[in-house]
>>> print(open('final.cif').read())   # mmCIF, C-alpha atoms and all ligand atoms
data_input
#
loop_
_atom_site.label_atom_id
_atom_site.label_comp_id
_atom_site.auth_asym_id
_atom_site.auth_seq_id
_atom_site.Cartn_x
_atom_site.Cartn_y
_atom_site.Cartn_z
CA MET N 9 -16.22 -26.85 35.83
CA PHE N 10 -15.90 -26.55 39.62
CA LYS N 11 -12.28 -27.72 39.53
CA SER N 12 -11.26 -24.80 37.32
CA ALA N 13 -13.38 -22.36 39.40
CA HIS N 14 -11.66 -23.68 42.55
CA ILE N 15 -8.22 -23.11 41.04
CA LYS N 16 -9.15 -19.67 39.68
CA LEU N 17 -10.52 -18.55 43.05
CA THR N 18 -7.40 -19.87 44.82
CA VAL N 19 -5.19 -17.88 42.42
CA TYR N 20 -7.26 -14.70 42.92
CA TYR N 21 -7.20 -14.97 46.74
CA THR N 22 -3.46 -15.68 46.73
CA LEU N 23 -2.78 -12.76 44.40
CA ILE N 24 -4.75 -10.39 46.64
CA ILE N 25 -2.96 -11.58 49.81
CA MET N 26 0.44 -11.37 48.09
CA ALA N 27 -0.29 -7.88 46.73
CA VAL N 28 -1.12 -6.67 50.26
CA SER N 29 1.89 -8.47 51.74
CA LEU N 30 4.29 -7.06 49.14
CA PHE N 31 2.88 -3.57 49.58
CA PHE N 32 3.47 -3.65 53.36
CA SER N 33 6.88 -5.30 52.90
CA LEU N 34 7.90 -2.41 50.67
CA ILE N 35 6.78 0.12 53.28
CA ILE N 36 8.57 -1.78 56.08
CA TYR N 37 11.72 -1.94 53.92
CA GLN N 38 11.64 1.80 53.23
CA ILE N 39 11.04 2.76 56.89
CA THR N 40 13.60 0.38 58.43
CA THR N 41 16.38 1.04 55.89
CA SER N 42 16.04 4.82 56.13
CA GLU N 43 16.05 4.59 59.95
CA ILE N 44 19.15 2.35 59.93
CA GLU N 45 20.86 4.62 57.39
CA ARG N 46 20.13 7.64 59.62
CA LYS N 47 21.45 5.91 62.74
CA ILE N 48 24.62 4.64 61.05
CA LYS N 49 25.30 8.08 59.59
CA THR N 50 24.97 9.70 63.04
CA VAL N 51 27.43 7.16 64.49
CA GLY N 52 29.71 7.88 61.51
CA GLN N 53 29.66 11.61 62.14
CA LYS N 54 30.66 11.05 65.77
CA LEU N 55 33.54 8.81 64.67
CA ILE N 56 34.74 11.41 62.17
CA ILE N 57 34.65 14.14 64.86
CA GLN N 58 36.65 11.84 67.17
CA GLU N 59 39.17 11.34 64.37
CA ILE N 60 39.53 15.05 63.63
CA THR N 61 39.94 16.32 67.25
CA PRO N 62 43.45 14.86 68.03
CA PHE N 63 44.77 16.15 64.69
CA LEU N 64 43.67 19.67 65.48
CA ALA N 65 45.35 19.43 68.91
CA ASP N 66 48.75 18.45 67.42
CA LYS N 67 51.57 21.06 67.21
CA PRO N 68 53.48 22.11 65.14
CA PHE N 69 50.89 22.07 62.42
CA ASP N 70 52.10 20.25 59.29
CA PHE N 71 49.07 20.97 57.20
CA ASN N 72 49.71 18.85 54.08
CA ASN N 73 50.82 15.77 55.93
CA LYS N 74 47.99 15.94 58.47
CA GLN N 75 45.32 16.61 55.87
CA LEU N 76 46.41 13.58 53.82
CA LYS N 77 46.27 11.27 56.84
CA LEU N 78 42.94 12.71 57.97
CA THR N 79 41.33 12.36 54.55
CA GLY N 80 42.52 8.74 54.37
CA ASN N 81 41.02 7.90 57.76
CA ILE N 82 37.70 9.62 57.04
CA LYS N 83 37.46 7.77 53.73
CA LYS N 84 38.01 4.47 55.53
CA ILE N 85 35.28 5.34 58.06
CA GLU N 86 32.91 6.29 55.23
CA GLU N 87 33.63 3.02 53.38
CA VAL N 88 32.92 1.01 56.53
CA LEU N 89 29.68 2.92 57.02
CA GLU N 90 28.60 2.37 53.38
CA ASN N 91 29.31 -1.35 53.70
CA GLU N 92 27.31 -1.50 56.94
CA ILE N 93 24.37 0.30 55.35
CA SER N 94 24.28 -1.90 52.26
CA SER N 95 24.68 -5.13 54.24
CA ALA N 96 21.88 -4.00 56.61
CA LYS N 97 19.69 -3.23 53.56
CA SER N 98 20.32 -6.59 51.88
CA GLY N 99 19.78 -8.37 55.22
CA ILE N 100 16.36 -6.74 55.60
CA ALA N 101 15.49 -7.48 51.94
CA ILE N 102 16.41 -11.18 52.33
CA LYS N 103 14.38 -11.49 55.55
CA LEU N 104 11.36 -9.82 53.93
CA ALA N 105 11.70 -12.10 50.87
CA ILE N 106 11.76 -15.17 53.16
CA ILE N 107 8.71 -13.89 55.08
CA ASN N 108 6.86 -13.26 51.77
CA PHE N 109 7.76 -16.72 50.51
CA VAL N 110 6.34 -18.27 53.71
CA ILE N 111 3.22 -16.07 53.36
CA LEU N 112 2.90 -17.24 49.73
CA ILE N 113 2.91 -20.91 50.76
CA PHE N 114 0.49 -20.41 53.66
CA SER N 115 -1.81 -18.13 51.69
CA THR N 116 -1.96 -20.61 48.78
CA ILE N 117 -2.96 -23.43 51.14
CA ALA N 118 -5.42 -21.20 53.03
CA SER N 119 -6.89 -19.83 49.77
CA TYR N 120 -7.34 -23.34 48.38
CA LEU N 121 -9.15 -24.47 51.53
CA PHE N 122 -11.21 -21.29 51.79
CA SER N 123 -12.28 -21.26 48.12
CA GLY N 124 -13.31 -24.93 48.47
CA TYR N 125 -15.38 -23.95 51.50
CA VAL N 126 -17.00 -21.04 49.60
CA LEU N 127 -17.73 -23.10 46.48
CA LYS N 128 -19.10 -26.15 48.31
CA PRO N 129 -22.68 -24.87 48.86
CA ILE N 130 -22.80 -23.56 45.26
CA GLU N 131 -21.63 -26.94 43.95
CA GLU N 132 -24.18 -28.76 46.11
CA ASN N 133 -26.94 -26.48 44.84
CA MET N 134 -25.92 -27.04 41.23
CA THR N 135 -25.84 -30.80 41.75
CA MET N 136 -29.30 -30.68 43.32
CA GLN N 137 -30.56 -28.60 40.41
CA LYS N 138 -29.03 -31.01 37.88
CA ASN N 139 -30.52 -34.01 39.68
CA PHE N 140 -33.90 -32.30 39.79
CA ILE N 141 -33.81 -31.51 36.05
CA SER N 142 -32.79 -35.03 35.11
CA SER N 143 -35.37 -36.68 37.45
CA ALA N 144 -38.12 -34.36 36.19
CA ALA N 145 -37.17 -35.06 32.56
CA HIS N 146 -37.11 -38.82 33.27
CA GLU N 147 -40.44 -38.72 35.09
CA LEU N 148 -42.04 -36.78 32.23
CA ARG N 149 -40.87 -39.23 29.61
CA THR N 150 -43.16 -42.18 30.43
CA PRO N 151 -46.50 -40.30 30.58
CA LEU N 152 -45.52 -38.24 27.51
CA THR N 153 -44.63 -41.34 25.50
CA SER N 154 -47.94 -43.01 26.35
CA LEU N 155 -49.80 -39.75 25.54
CA LYS N 156 -47.99 -39.57 22.22
CA THR N 157 -48.93 -43.18 21.39
CA SER N 158 -52.61 -42.58 22.26
CA LEU N 159 -52.71 -39.42 20.13
CA GLU N 160 -51.07 -41.20 17.19
CA VAL N 161 -53.58 -44.08 17.50
CA ALA N 162 -56.46 -41.56 17.70
CA LEU N 163 -55.25 -39.81 14.55
CA ARG N 164 -55.38 -43.11 12.67
CA SER N 165 -59.01 -43.75 13.68
CA LYS N 166 -61.55 -43.38 10.87
CA ALA N 167 -64.11 -41.63 13.09
CA ILE N 168 -61.63 -38.85 13.93
CA LYS N 169 -60.35 -38.54 10.39
CA LYS N 170 -63.94 -37.75 9.34
CA ASN N 171 -64.18 -34.82 11.78
CA LYS N 172 -61.60 -32.27 10.58
CA SER N 173 -61.75 -29.92 13.58
CA ILE N 174 -61.19 -32.76 16.09
CA TYR N 175 -58.45 -34.20 13.86
CA ASP N 176 -56.68 -30.81 13.80
CA ILE N 177 -56.92 -30.42 17.58
CA ILE N 178 -55.42 -33.88 18.15
CA ALA N 179 -52.70 -33.21 15.53
CA ASP N 180 -51.83 -29.94 17.31
CA ASN N 181 -51.70 -31.75 20.64
CA LEU N 182 -49.40 -34.36 19.14
CA ASN N 183 -47.07 -31.60 17.94
CA GLU N 184 -47.00 -30.06 21.41
CA VAL N 185 -46.30 -33.44 23.02
CA ASN N 186 -43.44 -34.01 20.56
CA THR N 187 -42.05 -30.58 21.48
CA ILE N 188 -42.12 -31.41 25.21
CA ILE N 189 -40.52 -34.81 24.56
CA SER N 190 -37.70 -33.20 22.61
CA LEU N 191 -37.28 -30.58 25.38
CA SER N 192 -36.98 -33.31 28.03
CA ASN N 193 -34.48 -35.17 25.80
CA ARG N 194 -32.47 -31.97 25.38
CA LEU N 195 -32.46 -31.40 29.17
CA LEU N 196 -31.22 -34.95 29.71
CA ASP N 197 -28.45 -34.39 27.14
CA LEU N 198 -27.56 -31.11 28.82
CA ASN N 199 -27.06 -32.90 32.14
CA LYS N 200 -25.28 -35.83 30.59
CA TYR N 201 -22.58 -33.81 28.87
CA GLN N 202 -21.63 -31.75 31.89
CA ASN N 203 -19.82 -34.65 33.40
CA ASP N 204 -16.77 -36.18 31.74
CA ASN N 205 -17.61 -39.57 33.34
CA ASN N 206 -20.35 -39.88 30.71
CA ILE N 207 -17.86 -39.74 27.85
CA VAL N 208 -16.89 -43.09 26.28
CA LEU N 209 -13.75 -42.85 24.16
CA THR N 210 -13.27 -45.04 21.10
CA THR N 211 -11.24 -44.68 17.94
CA PHE N 212 -13.33 -44.09 14.83
CA ASN N 213 -13.27 -42.46 11.41
CA ILE N 214 -14.85 -38.99 11.34
CA LYS N 215 -15.94 -39.64 7.76
CA ASP N 216 -18.30 -42.43 8.97
CA VAL N 217 -19.89 -40.16 11.58
CA ILE N 218 -20.36 -37.39 9.02
CA TYR N 219 -22.10 -39.76 6.60
CA SER N 220 -24.33 -41.31 9.25
CA SER N 221 -25.46 -37.93 10.61
CA VAL N 222 -26.16 -36.60 7.10
CA LYS N 223 -28.18 -39.76 6.41
CA ARG N 224 -30.23 -39.27 9.59
CA ILE N 225 -31.13 -35.68 8.79
CA LYS N 226 -31.31 -35.76 5.01
CA HIS N 227 -35.08 -35.98 4.65
CA PHE N 228 -35.59 -32.72 6.60
CA ALA N 229 -33.33 -31.00 4.06
CA GLU N 230 -35.15 -32.61 1.17
CA ASN N 231 -38.47 -31.26 2.51
CA LYS N 232 -37.05 -27.74 1.99
CA ASN N 233 -35.20 -28.61 -1.21
CA ILE N 234 -31.89 -27.87 0.51
CA LYS N 235 -28.78 -29.52 -0.97
CA ILE N 236 -26.26 -31.06 1.47
CA LYS N 237 -22.72 -31.23 0.05
CA VAL N 238 -20.26 -33.55 1.81
CA LYS N 239 -16.48 -33.13 1.36
CA SER N 240 -15.17 -35.74 3.72
CA ASN N 241 -11.71 -37.20 4.39
CA ASP N 242 -10.62 -40.25 6.40
CA ILE N 243 -9.49 -38.99 9.78
CA LYS N 244 -9.10 -41.24 12.81
CA LEU N 245 -10.23 -39.67 16.07
CA ASN N 246 -10.20 -40.89 19.65
CA ALA N 247 -13.43 -39.48 21.07
CA ASP N 248 -16.99 -40.30 22.10
CA LYS N 249 -18.52 -41.29 18.77
CA ASN N 250 -22.18 -40.80 19.82
CA ALA N 251 -21.42 -37.42 21.37
CA ILE N 252 -19.62 -36.19 18.23
CA GLU N 253 -22.52 -37.43 16.11
CA GLU N 254 -24.87 -35.51 18.44
CA VAL N 255 -22.85 -32.32 17.78
CA LEU N 256 -23.01 -32.81 14.01
CA LEU N 257 -26.76 -33.47 14.21
CA ILE N 258 -27.26 -30.25 16.19
CA LEU N 259 -25.25 -28.21 13.66
CA LEU N 260 -26.90 -29.81 10.62
CA ASP N 261 -30.36 -29.49 12.18
CA ASN N 262 -29.75 -25.78 12.81
CA ALA N 263 -28.34 -25.30 9.33
CA ILE N 264 -31.54 -26.79 7.87
CA LYS N 265 -33.83 -24.86 10.26
CA TYR N 266 -32.20 -21.50 9.59
CA THR N 267 -31.68 -21.87 5.83
CA PRO N 268 -34.55 -20.87 3.54
CA LYS N 269 -35.87 -23.21 0.86
CA ASP N 270 -33.52 -24.11 -2.05
CA GLY N 271 -30.47 -23.25 -0.01
CA GLU N 272 -27.23 -25.16 0.38
CA ILE N 273 -25.37 -26.75 3.27
CA CYS N 274 -21.81 -28.03 3.16
CA ILE N 275 -20.06 -30.28 5.66
CA GLU N 276 -16.34 -30.95 5.34
CA ASN N 277 -13.44 -32.19 7.43
CA PHE N 278 -9.66 -31.91 7.24
CA VAL N 279 -6.54 -31.96 9.41
CA LYS N 280 -4.74 -28.78 10.47
CA LYS N 281 -1.69 -28.95 12.80
CA ASN N 282 -2.65 -32.13 14.72
CA THR N 283 -6.24 -30.96 14.92
CA ALA N 284 -9.25 -32.48 13.21
CA VAL N 285 -11.39 -29.68 11.80
CA ILE N 286 -15.07 -30.12 10.89
CA LYS N 287 -16.91 -27.25 9.20
CA VAL N 288 -20.66 -26.98 8.71
CA SER N 289 -21.64 -24.05 6.51
CA ASP N 290 -25.00 -22.89 5.22
CA THR N 291 -26.55 -20.18 3.06
CA GLY N 292 -29.10 -19.32 5.74
CA ILE N 293 -30.31 -16.25 7.60
CA GLY N 294 -26.98 -15.79 9.43
CA ILE N 295 -26.31 -14.46 12.92
CA PRO N 296 -25.42 -10.83 13.82
CA LYS N 297 -21.85 -10.53 15.17
CA LYS N 298 -22.98 -9.39 18.64
CA TYR N 299 -24.61 -12.81 19.21
CA HIS N 300 -21.70 -15.00 18.07
CA LYS N 301 -20.68 -15.80 21.66
CA LYS N 302 -24.15 -15.70 23.22
CA ILE N 303 -25.64 -18.43 21.00
CA PHE N 304 -23.53 -20.99 22.91
CA GLU N 305 -25.25 -20.03 26.18
CA ARG N 306 -28.16 -22.02 27.57
CA PHE N 307 -31.67 -21.07 26.41
CA PHE N 308 -30.34 -18.25 24.24
CA ARG N 309 -32.14 -17.75 20.94
CA VAL N 310 -31.39 -14.91 18.56
CA ASP N 311 -34.25 -12.38 18.28
CA SER N 312 -37.37 -14.52 18.22
CA SER N 313 -39.08 -12.29 15.60
CA ARG N 314 -36.34 -13.27 13.16
CA SER N 315 -37.05 -16.96 13.61
CA ARG N 316 -40.71 -16.75 14.59
CA HIS N 317 -41.65 -19.25 11.93
CA ILE N 318 -39.02 -21.65 13.33
CA ASN N 319 -40.57 -22.74 16.60
CA THR N 320 -38.83 -26.03 17.19
CA GLY N 321 -35.88 -24.80 19.23
CA PHE N 322 -35.24 -24.16 22.90
CA GLY N 323 -31.84 -22.50 22.64
CA LEU N 324 -30.15 -25.58 24.07
CA GLY N 325 -28.61 -27.27 21.01
CA LEU N 326 -25.45 -25.18 20.71
CA SER N 327 -24.80 -25.15 24.47
CA ILE N 328 -24.95 -28.98 24.46
CA ALA N 329 -22.62 -29.00 21.42
CA LYS N 330 -20.19 -26.71 23.27
CA ASP N 331 -20.28 -28.88 26.42
CA ILE N 332 -19.44 -31.96 24.32
CA ILE N 333 -16.60 -30.22 22.48
CA ASP N 334 -15.23 -28.81 25.78
CA LEU N 335 -15.21 -32.32 27.27
CA HIS N 336 -12.98 -33.33 24.34
CA ASN N 337 -10.66 -30.32 24.93
CA GLY N 338 -11.72 -28.96 21.57
CA ASN N 339 -13.07 -25.69 20.32
CA ILE N 340 -16.28 -24.60 18.56
CA LYS N 341 -16.81 -21.22 16.93
CA VAL N 342 -19.01 -19.47 14.43
CA GLU N 343 -18.42 -17.03 11.60
CA SER N 344 -21.58 -15.60 10.18
CA THR N 345 -23.03 -12.74 8.16
CA PRO N 346 -26.74 -11.93 8.37
CA ASN N 347 -28.64 -12.89 5.22
CA GLN N 348 -25.57 -14.62 3.76
CA GLY N 349 -25.01 -17.65 5.94
CA SER N 350 -23.04 -19.19 8.80
CA VAL N 351 -19.99 -21.39 9.19
CA PHE N 352 -19.63 -23.43 12.38
CA THR N 353 -16.11 -24.79 12.92
CA ILE N 354 -15.20 -27.57 15.34
CA GLU N 355 -11.56 -28.28 16.22
CA LEU N 356 -10.69 -31.51 18.02
CA PRO N 357 -7.18 -32.53 19.08
CA ILE N 358 -5.86 -35.68 17.41
CA LYS N 359 -3.85 -37.77 19.86
CA LYS N 360 -0.77 -39.39 18.34
CA ALA N 361 -0.69 -43.18 18.80
P1 LIG X 401 -32.24 -23.62 18.92
O1 LIG X 401 -32.77 -24.89 19.43
O2 LIG X 401 -33.06 -22.43 19.22
O3 LIG X 401 -31.87 -23.71 17.48
P2 LIG X 401 -29.44 -23.50 19.46
O4 LIG X 401 -28.72 -23.46 20.76
O5 LIG X 401 -29.17 -24.66 18.57
O6 LIG X 401 -30.96 -23.38 19.80
O7 LIG X 401 -29.12 -22.18 18.68
C1 LIG X 401 -29.19 -20.93 19.37
C2 LIG X 401 -29.56 -19.82 18.41
O8 LIG X 401 -28.51 -19.62 17.48
C3 LIG X 401 -30.77 -20.17 17.57
O9 LIG X 401 -31.96 -19.79 18.22
C4 LIG X 401 -30.55 -19.36 16.30
O10 LIG X 401 -31.06 -18.06 16.46
C5 LIG X 401 -29.03 -19.26 16.20
N1 LIG X 401 -28.48 -20.21 15.20
C6 LIG X 401 -27.94 -21.42 15.44
N2 LIG X 401 -27.50 -22.00 14.31
C7 LIG X 401 -27.79 -21.13 13.32
C8 LIG X 401 -27.60 -21.13 11.89
N3 LIG X 401 -26.99 -22.16 11.27
N4 LIG X 401 -28.01 -20.05 11.19
C9 LIG X 401 -28.59 -19.00 11.81
N5 LIG X 401 -28.82 -18.93 13.14
C10 LIG X 401 -28.41 -19.98 13.90
#
>>> encode(input="final.cif", output="structure tokens")
Amino acid sequence: MFKSAHIKLTVYYTLIIMAVSLFFSLIIYQITTSEIERKIKTVGQKLIIQEITPFLADKPFDFNNKQLKLTGNIKKIEEVLENEISSAKSGIAIKLAIINFVILIFSTIASYLFSGYVLKPIEENMTMQKNFISSAAHELRTPLTSLKTSLEVALRSKAIKKNKSIYDIIADNLNEVNTIISLSNRLLDLNKYQNDNNIVLTTFNIKDVIYSSVKRIKHFAENKNIKIKVKSNDIKLNADKNAIEEVLLILLDNAIKYTPKDGEICIENFVKKNTAVIKVSDTGIGIPKKYHKKIFERFFRVDSSRSRHINTGFGLGLSIAKDIIDLHNGNIKVESTPNQGSVFTIELPIKKA
């Protein structure tokens, strides 16, 4: 992320410096060439006067003959002057071009160094923030897991089962603990997939990953009587298998969450121009067009009143999915119509062996 920001900033700085340099070069060119032109023309006029004077002094006056000779000489002087002016102009233009080329090289190097200097504290801050999030999430995991175990054990106790109000309180607490555990897992995933060093490439069949993710999530769909259709083809992909499975789980999980009971979800894959395409479509509540880009941002959730009954999200799933797809140089997009459904499309480049 910082590499591309560094390059972008370098390009912007260089463009600004070059725009200023070219602007002043143009002004310098205009001023110097018009001054040279003026000077050369003045010299030319003097030469022409010098040429004319002896002719006028000559006697007897053979007008035709003299005029012919005079016109020829003046033309020659004018030609010489024109040549001088144009060679002076091209000389100045070449010098200015060389100066601008040197400025371009120096400004590119200076811009690269300067943008690195400007971005460094931001990068350090981001790294600190990432480290803090991942340490906090890690630190939270152990106490939360032991809390979860104690609550689960308590719920199984006969004494608590007898007392409904206490049972409900403990069950609610267990739900909350599960929510915090899944938030800390999401935060860890978010950190993990921002760094391409965490990607492990292997060659696998997308069909297998589709089937395994559908298998893992199927019972949530069954609870809502949602049908999952799979139209899968054998496609070999060189990518991080676990990360791609994570993306499919996020999309399928969302499709189930945001599709009302008795709905339908379809997952399919095919090849299009050296690209593996995976589509996850649903007959759910859909997403208004104005949010189609925003849903891939961190912590963004579409209008909470719309999904008030769906309280298991943090607005992190799609941004993690996008990070993973970006790390694979792929593309993820959504087409959706409110109250009709959504189609999420992933495109991943297939490398030729
Ligand atoms: P969340 O954990 O809230 O689901 P996501 O990042 O996965 O977070 O999704 C962001 C938002 O995009 C969700 O809050 C939801 O409003 C919308 N969204 C995602 N997938 C779907 C879908 N299949 N149908 C309708 N809305 C969706």
>>> closest_atom_pairs(input="final.cif", of="chain N", to="ligand LIG 401 (chain X)", cutoff="6 Å", atoms="all atoms listed in the file", output="JSON lines")
{"residue": "N:Asn262", "atom": "CA", "partner": "X:LIG401", "partner_atom": "N2", "distance": 4.6}
{"residue": "N:Ala263", "atom": "CA", "partner": "X:LIG401", "partner_atom": "N3", "distance": 3.9}
{"residue": "N:Tyr266", "atom": "CA", "partner": "X:LIG401", "partner_atom": "N4", "distance": 4.7}
{"residue": "N:Gly292", "atom": "CA", "partner": "X:LIG401", "partner_atom": "N4", "distance": 5.6}
{"residue": "N:Ile293", "atom": "CA", "partner": "X:LIG401", "partner_atom": "C9", "distance": 5.3}
{"residue": "N:Gly294", "atom": "CA", "partner": "X:LIG401", "partner_atom": "C9", "distance": 4.3}
{"residue": "N:Ile295", "atom": "CA", "partner": "X:LIG401", "partner_atom": "N5", "distance": 5.1}
{"residue": "N:Ile303", "atom": "CA", "partner": "X:LIG401", "partner_atom": "C1", "distance": 4.6}
{"residue": "N:Phe308", "atom": "CA", "partner": "X:LIG401", "partner_atom": "C1", "distance": 5.7}
{"residue": "N:Arg309", "atom": "CA", "partner": "X:LIG401", "partner_atom": "O9", "distance": 3.4}
{"residue": "N:Val310", "atom": "CA", "partner": "X:LIG401", "partner_atom": "O10", "distance": 3.8}
{"residue": "N:Gly321", "atom": "CA", "partner": "X:LIG401", "partner_atom": "O1", "distance": 3.1}
{"residue": "N:Phe322", "atom": "CA", "partner": "X:LIG401", "partner_atom": "O1", "distance": 4.3}
{"residue": "N:Gly323", "atom": "CA", "partner": "X:LIG401", "partner_atom": "O6", "distance": 3.1}
{"residue": "N:Leu324", "atom": "CA", "partner": "X:LIG401", "partner_atom": "O4", "distance": 4.2}
{"residue": "N:Gly325", "atom": "CA", "partner": "X:LIG401", "partner_atom": "O5", "distance": 3.6}
{"residue": "N:Leu326", "atom": "CA", "partner": "X:LIG401", "partner_atom": "O4", "distance": 3.7}
{"residue": "N:Ser327", "atom": "CA", "partner": "X:LIG401", "partner_atom": "O4", "distance": 5.7}
{"residue": "N:Ser350", "atom": "CA", "partner": "X:LIG401", "partner_atom": "N3", "distance": 5.5}
>>> atom_distance(input="final.cif", atom1="CA of Lys156 (chain N)", atom2="CA of Asn233 (chain N)")
28.9 Å
>>> residues_near_point(input="final.cif", point="(-19.2, -31.3, -1.4)", cutoff="9 Å", atoms="only C-alpha atoms", output="PyMOL selection string")
chain N and resi 236-240+273-276
>>> closest_residue(input="final.cif", among="N:Lys341, N:Lys49, N:His227, N:Lys128", to="Asp261 (chain N)", atoms="all atoms listed in the file")
N:His227
>>> closest_residue(input="final.cif", among="N:Ser158, N:Gln348, N:Asp197, N:Gly338", to="Glu272 (chain N)", atoms="all atoms listed in the file")
N:Gln348
>>> closest_residue(input="final.cif", among="N:Leu55, N:Ile100, N:Ile258, N:Leu163", to="Ile82 (chain N)", atoms="all atoms listed in the file")
N:Leu55
>>> closest_residue(input="final.cif", among="N:Ile252, N:Ile39, N:Val110, N:Ala284", to="Tyr201 (chain N)", atoms="only C-alpha atoms")
N:Ile252
>>> atom_distance(input="final.cif", atom1="CA of His14 (chain N)", atom2="CA of Ile354 (chain N)")
27.7 Å
>>> atom_distance(input="final.cif", atom1="CA of Ile178 (chain N)", atom2="CA of Ala162 (chain N)")
7.8 Å
>>> axis_aligned_box(input="final.cif", around="region 123-129 of chain N", padding_each_side="5 Å", output="AutoDock Vina command-line options")
--center_x -17.5 --center_y -23.6 --center_z 49.0 --size_x 20.4 --size_y 15.1 --size_z 15.0
>>> closest_residue(input="final.cif", among="N:Ser289, N:Ser94, N:Phe10, N:His336", to="Glu132 (chain N)", atoms="all atoms listed in the file")
N:Phe10
>>> residues_around(input="final.cif", residues="Glu253 (chain N)", least_positions_apart="3", cutoff="9 Å", atoms="only C-alpha atoms", output="ChimeraX atom specification")
/N:217-218,220-221,248-250,256-258
>>> closest_residue(input="final.cif", among="N:Ile93, N:Thr61, N:Ser115, N:Leu196", to="Ala27 (chain N)", atoms="all atoms listed in the file")
N:Ser115
>>> closest_atom_pairs(input="final.cif", of="region 233-330 of chain N", to="region 209-216 of chain N", cutoff="6 Å", atoms="only C-alpha atoms", output="Markdown table")
| residue | atom | partner | partner_atom | distance |
| --- | --- | --- | --- | --- |
| N:Ser240 | CA | N:Lys215 | CA | 5.7 |
| N:Asn241 | CA | N:Lys215 | CA | 5.9 |
| N:Asp242 | CA | N:Lys215 | CA | 5.5 |
| N:Ile243 | CA | N:Asn213 | CA | 5.4 |
| N:Lys244 | CA | N:Asn213 | CA | 4.6 |
| N:Leu245 | CA | N:Thr211 | CA | 5.4 |
| N:Asn246 | CA | N:Thr211 | CA | 4.3 |
| N:Ala247 | CA | N:Leu209 | CA | 4.6 |
| N:Asp248 | CA | N:Leu209 | CA | 4.6 |
